[in-house]
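Trainee: This is the content of entry_20.tsv (TSV, C-alpha atoms (C1' of nucleotides)):
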```
chain	number	residue	atom	x	y	z
P	22	MET	CA	16.40	-33.16	-46.00
P	23	LYS	CA	16.98	-32.37	-42.40
P	24	VAL	CA	19.01	-34.80	-40.38
P	25	GLU	CA	17.44	-35.89	-37.10
P	26	LYS	CA	19.63	-34.57	-34.37
P	27	LYS	CA	19.64	-34.31	-30.63
P	28	LEU	CA	18.89	-30.91	-29.31
P	29	SER	CA	21.92	-28.89	-28.24
P	30	ALA	CA	22.22	-27.63	-24.69
P	31	LYS	CA	21.37	-24.13	-25.86
P	32	ASP	CA	18.24	-25.41	-27.51
P	33	TYR	CA	17.14	-27.05	-24.28
P	34	VAL	CA	17.72	-23.83	-22.43
P	35	GLU	CA	15.54	-22.07	-24.93
P	36	LYS	CA	12.80	-24.70	-24.86
P	37	ILE	CA	12.70	-25.12	-21.10
P	38	GLY	CA	13.03	-21.39	-20.62
P	39	VAL	CA	9.99	-20.68	-22.75
P	40	SER	CA	7.94	-23.25	-20.86
P	41	PHE	CA	9.01	-21.73	-17.62
P	42	GLU	CA	8.07	-18.28	-18.86
P	43	LYS	CA	4.63	-19.62	-19.65
P	44	GLU	CA	4.28	-20.48	-16.00
P	45	GLY	CA	4.47	-16.75	-15.41
P	46	PHE	CA	8.16	-16.08	-14.81
P	47	GLN	CA	10.15	-13.44	-16.58
P	48	PRO	CA	12.45	-14.40	-19.44
P	49	ALA	CA	15.73	-14.17	-17.57
P	50	MET	CA	14.39	-16.36	-14.77
P	51	GLY	CA	13.18	-18.93	-17.23
P	52	ARG	CA	16.56	-19.13	-18.84
P	53	ILE	CA	18.44	-19.34	-15.57
P	54	PHE	CA	16.17	-22.11	-14.35
P	55	ALA	CA	16.58	-23.89	-17.67
P	56	TYR	CA	20.36	-23.54	-17.59
P	57	LEU	CA	20.44	-25.05	-14.12
P	58	ILE	CA	18.48	-28.03	-15.39
P	59	ILE	CA	20.94	-28.84	-18.13
P	60	ALA	CA	24.03	-27.63	-16.27
P	61	ASP	CA	26.83	-30.12	-15.87
P	62	PRO	CA	27.74	-30.11	-13.01
P	63	PRO	CA	24.29	-29.10	-11.83
P	64	HIS	CA	25.58	-26.25	-9.72
P	65	LYS	CA	26.87	-23.09	-11.30
P	66	SER	CA	28.40	-19.91	-9.99
P	67	PHE	CA	27.00	-16.45	-10.49
P	68	GLU	CA	29.66	-15.74	-13.07
P	69	GLU	CA	29.14	-18.93	-14.99
P	70	ILE	CA	25.46	-18.15	-15.29
P	71	LEU	CA	25.95	-14.65	-16.60
P	72	GLU	CA	28.63	-15.77	-19.01
P	73	TYR	CA	26.65	-18.65	-20.38
P	74	LEU	CA	23.43	-16.69	-20.79
P	75	LYS	CA	25.12	-13.38	-21.60
P	76	ILE	CA	22.89	-11.40	-19.29
P	77	SER	CA	23.88	-8.70	-16.87
P	78	LYS	CA	24.90	-9.08	-13.25
P	79	SER	CA	21.81	-7.22	-12.12
P	80	ALA	CA	19.53	-9.53	-14.05
P	81	VAL	CA	21.27	-12.58	-12.62
P	82	SER	CA	21.21	-11.17	-9.12
P	83	THR	CA	17.55	-10.20	-9.03
P	84	SER	CA	16.45	-13.35	-10.81
P	85	LEU	CA	18.41	-15.65	-8.52
P	86	ASN	CA	17.14	-13.86	-5.45
P	87	TYR	CA	13.58	-14.15	-6.65
P	88	LEU	CA	13.98	-17.82	-7.53
P	89	MET	CA	15.55	-18.44	-4.12
P	90	SER	CA	12.78	-16.56	-2.34
P	91	ARG	CA	10.34	-18.94	-4.01
P	92	ASP	CA	12.47	-21.96	-3.08
P	93	LEU	CA	12.93	-22.87	-6.71
P	94	VAL	CA	16.67	-22.39	-6.52
P	95	GLU	CA	19.12	-22.84	-3.67
P	96	TYR	CA	22.88	-22.63	-3.37
P	97	ILE	CA	25.72	-24.64	-2.01
P	98	THR	CA	29.23	-23.61	-1.12
P	99	LEU	CA	32.39	-25.56	-1.69
P	100	PRO	CA	35.17	-25.72	0.90
P	101	GLY	CA	37.90	-23.15	0.30
P	102	ASP	CA	35.80	-21.32	-2.27
P	103	ARG	CA	34.12	-18.04	-1.59
P	104	LYS	CA	31.63	-18.36	-4.42
P	105	ARG	CA	28.13	-19.64	-4.06
P	106	TYR	CA	27.02	-22.31	-6.46
P	107	PHE	CA	23.40	-22.16	-7.46
P	108	LYS	CA	21.30	-25.17	-8.21
P	109	ILE	CA	17.72	-26.16	-8.60
P	110	ASN	CA	15.80	-26.99	-5.49
P	111	MET	CA	13.80	-29.94	-6.70
P	112	SER	CA	11.16	-29.63	-4.02
P	113	GLY	CA	10.36	-26.12	-5.18
P	114	TRP	CA	8.17	-27.25	-8.02
P	115	VAL	CA	5.92	-29.17	-5.66
P	116	THR	CA	5.57	-26.07	-3.50
P	117	LEU	CA	4.75	-24.03	-6.56
P	118	ILE	CA	1.97	-26.40	-7.53
P	119	LYS	CA	0.61	-26.40	-4.01
P	120	LYS	CA	0.41	-22.63	-4.07
P	121	LYS	CA	-1.41	-22.58	-7.38
P	122	MET	CA	-3.84	-25.12	-6.03
P	123	ALA	CA	-4.49	-22.99	-2.99
P	124	ARG	CA	-5.17	-20.00	-5.20
P	125	ARG	CA	-7.77	-21.89	-7.17
P	126	SER	CA	-9.41	-23.19	-4.09
P	127	PHE	CA	-9.60	-19.60	-2.86
P	128	PHE	CA	-11.19	-18.66	-6.14
P	129	GLY	CA	-13.81	-21.33	-5.55
P	130	GLU	CA	-14.51	-19.91	-2.13
P	131	ILE	CA	-15.05	-16.42	-3.50
P	132	MET	CA	-17.45	-17.85	-6.05
P	133	LYS	CA	-19.43	-19.40	-3.22
P	134	GLU	CA	-19.46	-16.13	-1.35
P	135	ALA	CA	-20.65	-14.33	-4.45
P	136	LEU	CA	-23.28	-17.00	-4.86
P	137	SER	CA	-24.66	-16.39	-1.41
P	138	ALA	CA	-25.10	-12.75	-2.33
P	139	ARG	CA	-26.94	-13.49	-5.58
P	140	SER	CA	-30.70	-13.31	-5.87
P	141	SER	CA	-32.51	-16.64	-6.18
P	142	LYS	CA	-33.89	-15.70	-9.57
P	143	TYR	CA	-31.79	-17.26	-12.37
P	144	LYS	CA	-31.61	-20.61	-10.68
P	145	GLU	CA	-29.94	-22.18	-13.69
P	146	PHE	CA	-27.02	-19.79	-13.53
P	147	ASN	CA	-26.76	-20.09	-9.77
P	148	ASP	CA	-26.68	-23.87	-10.01
P	149	ALA	CA	-23.95	-23.74	-12.62
P	150	LEU	CA	-21.96	-21.33	-10.51
P	151	GLN	CA	-22.41	-23.56	-7.50
P	152	GLU	CA	-21.20	-26.46	-9.56
P	153	GLN	CA	-18.13	-24.53	-10.68
P	154	ALA	CA	-17.25	-23.69	-7.11
P	155	GLU	CA	-17.73	-27.31	-6.15
P	156	PHE	CA	-15.60	-28.38	-9.06
P	157	LEU	CA	-12.75	-26.22	-7.87
P	158	GLU	CA	-13.12	-27.57	-4.36
P	159	PHE	CA	-13.28	-31.09	-5.68
P	160	MET	CA	-10.14	-30.65	-7.76
P	161	HIS	CA	-8.36	-29.12	-4.83
P	162	LYS	CA	-9.18	-32.09	-2.66
P	163	GLU	CA	-8.25	-34.58	-5.36
P	164	MET	CA	-4.92	-32.88	-5.84
P	165	ARG	CA	-4.24	-32.94	-2.15
P	166	ASP	CA	-4.96	-36.64	-2.18
P	167	ALA	CA	-2.72	-37.11	-5.19
P	168	LEU	CA	0.08	-35.27	-3.42
P	169	ASP	CA	-0.34	-37.50	-0.38
P	170	LYS	CA	-0.32	-40.54	-2.60
P	171	TRP	CA	2.90	-39.36	-4.18
P	172	GLU	CA	4.47	-38.72	-0.80
P	173	ARG	CA	3.59	-42.21	0.38
P	174	LYS	CA	4.86	-43.78	-2.81
P	175	LYS	CA	8.12	-41.94	-2.47
P	176	LYS	CA	8.52	-42.86	1.17
P	177	LYS	CA	7.96	-46.54	0.45
P	178	LYS	CA	10.41	-46.53	-2.42
P	179	GLY	CA	13.07	-44.29	-0.91
Y	20	MET	CA	-15.53	0.37	15.36
Y	21	LYS	CA	-16.31	-1.16	12.02
Y	22	VAL	CA	-19.66	-2.84	11.60
Y	23	GLU	CA	-19.58	-6.33	10.12
Y	24	LYS	CA	-21.23	-6.14	6.78
Y	25	LYS	CA	-21.78	-8.25	3.72
Y	26	LEU	CA	-19.55	-7.37	0.85
Y	27	SER	CA	-21.09	-5.10	-1.74
Y	28	ALA	CA	-21.33	-6.16	-5.37
Y	29	LYS	CA	-18.46	-3.82	-6.23
Y	30	ASP	CA	-16.33	-5.44	-3.58
Y	31	TYR	CA	-16.97	-8.86	-5.07
Y	32	VAL	CA	-16.01	-7.59	-8.48
Y	33	GLU	CA	-12.79	-6.29	-7.01
Y	34	LYS	CA	-12.04	-9.48	-5.09
Y	35	ILE	CA	-12.91	-11.89	-7.87
Y	36	GLY	CA	-11.20	-9.67	-10.39
Y	37	VAL	CA	-7.94	-9.73	-8.50
Y	38	SER	CA	-8.06	-13.51	-8.20
Y	39	PHE	CA	-8.70	-13.79	-11.88
Y	40	GLU	CA	-5.81	-11.48	-12.63
Y	41	LYS	CA	-3.59	-13.76	-10.60
Y	42	GLU	CA	-4.47	-16.53	-13.00
Y	43	GLY	CA	-2.68	-14.43	-15.59
Y	44	PHE	CA	-5.42	-12.31	-17.13
Y	45	GLN	CA	-5.23	-8.59	-17.55
Y	46	PRO	CA	-7.09	-6.31	-15.13
Y	47	ALA	CA	-9.98	-5.41	-17.41
Y	48	MET	CA	-10.63	-9.07	-18.18
Y	49	GLY	CA	-10.61	-9.96	-14.54
Y	50	ARG	CA	-13.17	-7.32	-13.77
Y	51	ILE	CA	-15.43	-8.23	-16.66
Y	52	PHE	CA	-15.34	-11.88	-15.66
Y	53	ALA	CA	-16.01	-10.90	-12.07
Y	54	TYR	CA	-18.90	-8.64	-13.04
Y	55	LEU	CA	-20.47	-11.45	-15.03
Y	56	ILE	CA	-20.28	-13.67	-11.96
Y	57	ILE	CA	-22.20	-11.29	-9.76
Y	58	ALA	CA	-24.39	-9.88	-12.53
Y	59	ASP	CA	-28.12	-10.10	-11.99
Y	60	PRO	CA	-29.41	-11.17	-14.47
Y	61	PRO	CA	-26.26	-13.12	-15.33
Y	62	HIS	CA	-26.14	-11.83	-18.88
Y	63	LYS	CA	-25.14	-8.27	-19.59
Y	64	SER	CA	-24.88	-6.19	-22.72
Y	65	PHE	CA	-21.74	-4.54	-24.00
Y	66	GLU	CA	-23.00	-1.21	-22.80
Y	67	GLU	CA	-23.98	-2.39	-19.37
Y	68	ILE	CA	-20.50	-3.77	-18.87
Y	69	LEU	CA	-18.72	-0.61	-19.87
Y	70	GLU	CA	-21.05	1.53	-17.82
Y	71	TYR	CA	-20.78	-0.58	-14.71
Y	72	LEU	CA	-17.01	-0.92	-14.88
Y	73	LYS	CA	-16.39	2.49	-16.37
Y	74	ILE	CA	-13.94	1.23	-18.92
Y	75	SER	CA	-13.71	2.10	-22.57
Y	76	LYS	CA	-15.45	0.40	-25.46
Y	77	SER	CA	-12.14	-0.78	-26.84
Y	78	ALA	CA	-11.18	-2.40	-23.56
Y	79	VAL	CA	-14.55	-4.13	-23.35
Y	80	SER	CA	-14.39	-5.23	-26.96
Y	81	THR	CA	-10.90	-6.70	-26.86
Y	82	SER	CA	-11.41	-8.27	-23.46
Y	83	LEU	CA	-14.70	-9.89	-24.40
Y	84	ASN	CA	-13.26	-11.18	-27.63
Y	85	TYR	CA	-10.30	-12.66	-25.82
Y	86	LEU	CA	-12.49	-14.23	-23.16
Y	87	MET	CA	-14.75	-15.65	-25.86
Y	88	SER	CA	-11.81	-17.01	-27.82
Y	89	ARG	CA	-10.82	-18.89	-24.68
Y	90	ASP	CA	-14.38	-20.11	-24.15
Y	91	LEU	CA	-14.58	-18.40	-20.81
Y	92	VAL	CA	-17.40	-16.15	-21.93
Y	93	GLU	CA	-20.17	-16.64	-24.45
Y	94	TYR	CA	-23.17	-14.62	-25.52
Y	95	ILE	CA	-26.85	-15.04	-26.03
Y	96	THR	CA	-29.30	-12.97	-27.98
Y	97	LEU	CA	-32.82	-12.12	-27.03
Y	98	PRO	CA	-35.68	-12.13	-29.53
Y	99	GLY	CA	-36.36	-8.72	-31.00
Y	100	ASP	CA	-33.15	-7.28	-29.59
Y	101	ARG	CA	-30.13	-6.54	-31.68
Y	102	LYS	CA	-27.72	-6.55	-28.75
Y	103	ARG	CA	-25.65	-9.48	-27.63
Y	104	TYR	CA	-25.76	-10.41	-23.98
Y	105	PHE	CA	-22.55	-11.75	-22.57
Y	106	LYS	CA	-22.37	-14.35	-19.88
Y	107	ILE	CA	-19.92	-16.72	-18.34
Y	108	ASN	CA	-19.40	-20.04	-20.02
Y	109	MET	CA	-19.15	-22.29	-17.01
Y	110	SER	CA	-17.39	-25.06	-18.84
Y	111	GLY	CA	-14.58	-22.68	-19.76
Y	112	TRP	CA	-12.90	-22.98	-16.41
Y	113	VAL	CA	-12.55	-26.73	-16.79
Y	114	THR	CA	-10.98	-26.24	-20.20
Y	115	LEU	CA	-8.61	-23.69	-18.72
Y	116	ILE	CA	-7.47	-26.12	-16.06
Y	117	LYS	CA	-7.03	-28.86	-18.64
Y	118	LYS	CA	-4.80	-26.60	-20.67
Y	119	LYS	CA	-2.67	-25.70	-17.68
Y	120	MET	CA	-2.32	-29.36	-16.87
Y	121	ALA	CA	-1.19	-30.12	-20.39
Y	122	ARG	CA	1.43	-27.39	-20.17
Y	123	ARG	CA	2.87	-28.89	-17.03
Y	124	SER	CA	2.92	-32.33	-18.45
Y	125	PHE	CA	4.79	-30.90	-21.42
Y	126	PHE	CA	7.24	-29.34	-19.00
Y	127	GLY	CA	7.78	-32.78	-17.49
Y	128	GLU	CA	8.48	-34.19	-20.93
Y	129	ILE	CA	11.08	-31.56	-21.65
Y	130	MET	CA	12.74	-32.36	-18.35
Y	131	LYS	CA	12.98	-35.98	-19.40
Y	132	GLU	CA	14.44	-35.00	-22.72
Y	133	ALA	CA	16.99	-32.83	-20.99
Y	134	LEU	CA	17.72	-35.72	-18.68
Y	135	SER	CA	18.51	-38.02	-21.56
Y	136	ALA	CA	21.05	-35.48	-22.74
Y	137	ARG	CA	22.77	-35.14	-19.37
Y	138	SER	CA	25.99	-36.96	-18.53
Y	139	SER	CA	25.66	-39.82	-16.06
Y	140	LYS	CA	27.95	-38.13	-13.59
Y	141	TYR	CA	25.93	-36.37	-10.86
Y	142	LYS	CA	23.62	-39.28	-10.38
Y	143	GLU	CA	21.96	-37.66	-7.40
Y	144	PHE	CA	20.87	-34.67	-9.43
Y	145	ASN	CA	19.78	-36.80	-12.34
Y	146	ASP	CA	17.69	-38.96	-10.05
Y	147	ALA	CA	16.03	-35.93	-8.54
Y	148	LEU	CA	15.34	-34.50	-11.98
Y	149	GLN	CA	13.89	-37.81	-13.05
Y	150	GLU	CA	11.70	-37.79	-9.99
Y	151	GLN	CA	10.49	-34.30	-10.75
Y	152	ALA	CA	9.56	-35.28	-14.28
Y	153	GLU	CA	7.79	-38.33	-12.92
Y	154	PHE	CA	6.01	-36.19	-10.38
Y	155	LEU	CA	4.66	-33.94	-13.10
Y	156	GLU	CA	3.55	-36.96	-15.10
Y	157	PHE	CA	1.99	-38.48	-12.03
Y	158	MET	CA	0.08	-35.31	-11.20
Y	159	HIS	CA	-1.08	-35.03	-14.76
Y	160	LYS	CA	-2.46	-38.54	-14.68
Y	161	GLU	CA	-4.08	-38.04	-11.29
Y	162	MET	CA	-5.76	-34.89	-12.50
Y	163	ARG	CA	-7.04	-36.62	-15.57
Y	164	ASP	CA	-8.49	-39.29	-13.32
Y	165	ALA	CA	-9.99	-36.65	-11.08
Y	166	LEU	CA	-11.60	-34.99	-14.07
Y	167	ASP	CA	-13.06	-38.31	-15.17
Y	168	LYS	CA	-14.33	-38.92	-11.69
Y	169	TRP	CA	-15.99	-35.53	-11.70
Y	170	GLU	CA	-17.58	-36.18	-15.07
Y	171	ARG	CA	-19.01	-39.48	-13.88
Y	172	LYS	CA	-20.26	-37.95	-10.67
Y	173	LYS	CA	-21.98	-35.22	-12.60
Y	174	LYS	CA	-23.52	-37.61	-15.07
Y	175	LYS	CA	-24.93	-39.77	-12.31
Y	176	LYS	CA	-26.37	-36.82	-10.45
Y	177	GLY	CA	-27.58	-34.82	-13.46
U	7	DC	C1'	-32.14	6.65	-48.84
U	8	DA	C1'	-30.42	8.61	-44.19
U	9	DA	C1'	-29.69	7.85	-39.32
U	10	DT	C1'	-28.93	4.98	-35.49
U	11	DT	C1'	-27.03	1.13	-33.12
U	12	DA	C1'	-23.67	-2.22	-31.64
U	13	DG	C1'	-19.70	-3.10	-31.66
U	14	DT	C1'	-14.54	-3.13	-33.91
U	15	DT	C1'	-10.27	-1.28	-35.04
U	16	DC	C1'	-6.77	2.24	-35.08
U	17	DT	C1'	-3.89	5.65	-32.86
U	18	DG	C1'	-1.68	7.56	-29.11
U	19	DT	C1'	-0.02	7.35	-24.48
U	20	DA	C1'	0.69	6.51	-19.45
U	21	DA	C1'	2.29	3.00	-16.77
U	22	DT	C1'	4.89	-0.97	-16.11
U	23	DT	C1'	8.40	-4.48	-17.04
U	24	DA	C1'	12.75	-6.36	-17.80
U	25	DC	C1'	16.92	-5.51	-18.17
U	26	DA	C1'	21.83	-3.26	-19.02
U	27	DG	C1'	25.51	-0.74	-17.09
U	28	DA	C1'	27.63	1.52	-13.53
U	29	DA	C1'	28.22	2.56	-8.92
U	30	DC	C1'	28.47	0.57	-4.77
U	31	DC	C1'	29.55	-2.46	-0.64
U	32	DA	C1'	31.00	-6.10	2.63
U	33	DA	C1'	33.94	-9.87	3.32
U	34	DA	C1'	38.14	-12.04	2.32
U	35	DA	C1'	42.76	-11.99	0.59
U	36	DA	C1'	47.14	-10.02	-0.03
N	21	DT	C1'	45.80	-1.30	4.83
N	22	DT	C1'	44.84	-1.80	0.15
N	23	DT	C1'	43.03	-4.75	-3.32
N	24	DT	C1'	40.21	-8.19	-5.07
N	25	DT	C1'	36.16	-10.90	-5.23
N	26	DG	C1'	31.32	-11.85	-5.27
N	27	DG	C1'	27.83	-10.13	-5.49
N	28	DT	C1'	23.83	-6.07	-4.63
N	29	DT	C1'	21.59	-1.90	-5.58
N	30	DC	C1'	20.67	2.24	-8.20
N	31	DT	C1'	19.78	4.69	-12.44
N	32	DG	C1'	18.31	5.00	-16.96
N	33	DT	C1'	15.98	3.16	-20.89
N	34	DA	C1'	13.97	0.22	-24.64
N	35	DA	C1'	10.24	-2.61	-25.13
N	36	DT	C1'	5.82	-3.98	-23.92
N	37	DT	C1'	1.22	-3.71	-21.89
N	38	DA	C1'	-3.20	-2.06	-21.04
N	39	DC	C1'	-6.06	0.93	-22.00
N	40	DA	C1'	-8.66	5.52	-23.46
N	41	DG	C1'	-10.64	8.04	-27.13
N	42	DA	C1'	-11.75	8.63	-31.68
N	43	DA	C1'	-12.54	7.03	-36.11
N	44	DC	C1'	-14.64	3.59	-38.42
N	45	DT	C1'	-18.00	-0.14	-40.18
N	46	DA	C1'	-21.67	-3.39	-40.96
N	47	DA	C1'	-26.20	-4.30	-39.93
N	48	DT	C1'	-30.68	-2.46	-38.77
N	49	DT	C1'	-34.15	0.85	-38.47
N	50	DG	C1'	-36.88	4.68	-39.96
```
As structure tokens - that is how I would like this structure written.
Mentor:
Amino acid sequence: MKVEKKLSAKDYVEKIGVSFEKEGFQPAMGRIFAYLIIADPPHKSFEEILEYLKISKSAVSTSLNYLMSRDLVEYITLPGDRKRYFKINMSGWVTLIKKKMARRSFFGEIMKEALSARSSKYKEFNDALQEQAEFLEFMHKEMRDALDKWERKKKKKG
Amino acid sequence: MKVEKKLSAKDYVEKIGVSFEKEGFQPAMGRIFAYLIIADPPHKSFEEILEYLKISKSAVSTSLNYLMSRDLVEYITLPGDRKRYFKINMSGWVTLIKKKMARRSFFGEIMKEALSARSSKYKEFNDALQEQAEFLEFMHKEMRDALDKWERKKKKKG
DNA sequence: CAATTAGTTCTGTAATTACAGAACCAAAAA
DNA sequence: TTTTTGGTTCTGTAATTACAGAACTAATTG
């Protein structure tokens, strides 16, 4: 019988990494992001990352640069130390979600455009399409509101 | 000087298709989905799809099957006609969004798990991580509420 | 019973991705 | 000035994807 056991750090990296991949990032990025979540201390040097994950310098370099370009990762420097220490930029996730929202809202807009070009035959379909576009708009608005709500909540608490 | 002009059907297919691709679907799927949005009538046979998009039978077959497995496309049959006519399943998009939401919520859960395994040093980072996990949970809840709200709104109107 | 139709599945391949390894480079240190 | 450090960029490649084309199949039609 298997003994219940806490997940090891490596297992977390794997688990988080896979989830991150499912968000559309490449494997190496997922694992770097994951490592930076479990990392203790939460900032790690270029070398530490490549050693821990056993991936090449090039993979680390391109992945980090991509993650930084998306504001998902940032770096700090320590006095008297030439290295950069990479860490998760916690606000990046919010930005990511905002972008995905915007994309969907755009999708809704295109649907409306397409709708305006459709013939008025097939009313049932047109109505359903209209509703879909409205749904996307609705969700976009609701999410914006939710984000505002979160911001306010945070401000009050912080 | 370019004359302002309504987009042609092909242009919509292209535009919608690209948006759909950005949601993570492969090109052929994006274009099929797009074609079914602008299609008049809104149901098209296997053959019509491959002819319009000029893609192979295999591409149409696998794409349609995938889209149907995800409930994004369905088909109808017409009396005295052996063919199936494929059309968009409008409720599929909602399901898709629900699934994406669930994935993010799961991501938040993993973050919490990881958190519970972190040392208590680096409080600042831990707090931020906690907040991120809470943010994902919060957004998940808000979206569930939004979905409910939409359902109620629809029921009242319909 | 053929022959046709409506699609499916298999096979091969061009294009792309994701990465390793090595060469490279700029800034800092010696 | 040379050497070392902390990366970046280039080159090559294994693996994967996305699809075409052909072979195939089950149901229908003649």
Trainee: Considering only C-alpha atoms (C1' of nucleotides), extract the chain Y residues located within 8 Å of chain U and return them as a ChimeraX atom specification.
Mentor: /Y:77,80,101-102
Trainee: Could the residues of chain Y within 10 Å of chain N, counting only C-alpha atoms (C1' of nucleotides), be given as a list in words, please?
Mentor: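 That gives the following set of residues: Gln45, Pro46, Ala47, Ile74, Ser75, Lys76, Ser77, Ala78, Val79 and Arg101 of chain Y.
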Trainee: With only C-alpha atoms as the atoms that count, which of Y:Asp59, Y:Glu33, Y:Glu156, Y:Asp90 lies nearest to chain P?
Mentor: Y:Asp59
Trainee: I need the contact residues of chain P against chain Y, so if you could list those with any atom within 8 Å, counting all atoms listed in the file, and return them as a PyMOL selection string, that would help.
Mentor: chain P and resi 33+36-37+40-41+45+58-59+61-63+111+114+124+128+131-132+135-136+139-140+143+146+149-150+153+156+159-160+163-164+167-168+171
Trainee: Can you measure atom CA of Tyr104 of chain Y to atom CA of Lys176 of chain Y for me? One decimal in Å is fine.
Mentor: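 One can read the atom CA of Tyr104 of chain Y to atom CA of Lys176 of chain Y distance as 29.7 Å.
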Trainee: Quote the spacing between atom CA of Ser126 of chain P and atom CA of Glu155 of chain P in Å to one decimal place.
Mentor: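 Atom-to-atom, atom CA of Ser126 of chain P to atom CA of Glu155 of chain P, that is 9.5 Å.
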Trainee: In Å, with one decimal, what is the gap from atom CA of Leu72 of chain Y to atom CA of Lys29 of chain Y?
Mentor: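 Calculated distance between atom CA of Leu72 of chain Y and atom CA of Lys29 of chain Y is 9.2 Å.
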Trainee: Provide segment 146-159 of chain P rebuilt to N, CA and C atoms, formatted as a PDB file, in the coordinates of the input.
Mentor:
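The result, stored in selection_5.pdb:
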```
ATOM      1  N   PHE P 146     -28.351 -20.376 -13.643  1.00  0.00           N
ATOM      2  CA  PHE P 146     -27.020 -19.790 -13.530  1.00  0.00           C
ATOM      3  C   PHE P 146     -26.420 -20.072 -12.149  1.00  0.00           C
ATOM      4  N   ASN P 147     -27.240 -19.860 -11.141  1.00  0.00           N
ATOM      5  CA  ASN P 147     -26.760 -20.090  -9.770  1.00  0.00           C
ATOM      6  C   ASN P 147     -26.296 -21.532  -9.579  1.00  0.00           C
ATOM      7  N   ASP P 148     -27.056 -22.457 -10.131  1.00  0.00           N
ATOM      8  CA  ASP P 148     -26.680 -23.870 -10.010  1.00  0.00           C
ATOM      9  C   ASP P 148     -25.344 -24.141 -10.702  1.00  0.00           C
ATOM     10  N   ALA P 149     -25.193 -23.545 -11.879  1.00  0.00           N
ATOM     11  CA  ALA P 149     -23.950 -23.740 -12.620  1.00  0.00           C
ATOM     12  C   ALA P 149     -22.766 -23.138 -11.860  1.00  0.00           C
ATOM     13  N   LEU P 150     -23.010 -21.989 -11.275  1.00  0.00           N
ATOM     14  CA  LEU P 150     -21.960 -21.330 -10.510  1.00  0.00           C
ATOM     15  C   LEU P 150     -21.577 -22.176  -9.300  1.00  0.00           C
ATOM     16  N   GLN P 151     -22.606 -22.652  -8.640  1.00  0.00           N
ATOM     17  CA  GLN P 151     -22.410 -23.560  -7.500  1.00  0.00           C
ATOM     18  C   GLN P 151     -21.558 -24.758  -7.934  1.00  0.00           C
ATOM     19  N   GLU P 152     -21.915 -25.288  -9.070  1.00  0.00           N
ATOM     20  CA  GLU P 152     -21.200 -26.460  -9.560  1.00  0.00           C
ATOM     21  C   GLU P 152     -19.733 -26.126  -9.847  1.00  0.00           C
ATOM     22  N   GLN P 153     -19.506 -24.949 -10.411  1.00  0.00           N
ATOM     23  CA  GLN P 153     -18.130 -24.530 -10.680  1.00  0.00           C
ATOM     24  C   GLN P 153     -17.328 -24.438  -9.397  1.00  0.00           C
ATOM     25  N   ALA P 154     -17.925 -23.826  -8.397  1.00  0.00           N
ATOM     26  CA  ALA P 154     -17.250 -23.690  -7.110  1.00  0.00           C
ATOM     27  C   ALA P 154     -16.954 -25.070  -6.529  1.00  0.00           C
ATOM     28  N   GLU P 155     -17.931 -25.948  -6.649  1.00  0.00           N
ATOM     29  CA  GLU P 155     -17.730 -27.310  -6.150  1.00  0.00           C
ATOM     30  C   GLU P 155     -16.645 -28.029  -6.932  1.00  0.00           C
ATOM     31  N   PHE P 156     -16.629 -27.767  -8.222  1.00  0.00           N
ATOM     32  CA  PHE P 156     -15.600 -28.380  -9.060  1.00  0.00           C
ATOM     33  C   PHE P 156     -14.209 -27.973  -8.588  1.00  0.00           C
ATOM     34  N   LEU P 157     -14.052 -26.698  -8.330  1.00  0.00           N
ATOM     35  CA  LEU P 157     -12.750 -26.220  -7.870  1.00  0.00           C
ATOM     36  C   LEU P 157     -12.388 -26.844  -6.528  1.00  0.00           C
ATOM     37  N   GLU P 158     -13.351 -26.931  -5.650  1.00  0.00           N
ATOM     38  CA  GLU P 158     -13.120 -27.570  -4.360  1.00  0.00           C
ATOM     39  C   GLU P 158     -12.745 -29.043  -4.539  1.00  0.00           C
ATOM     40  N   PHE P 159     -13.516 -29.679  -5.394  1.00  0.00           N
ATOM     41  CA  PHE P 159     -13.280 -31.090  -5.680  1.00  0.00           C
ATOM     42  C   PHE P 159     -11.852 -31.314  -6.197  1.00  0.00           C
TER      43      PHE P 159
END
```
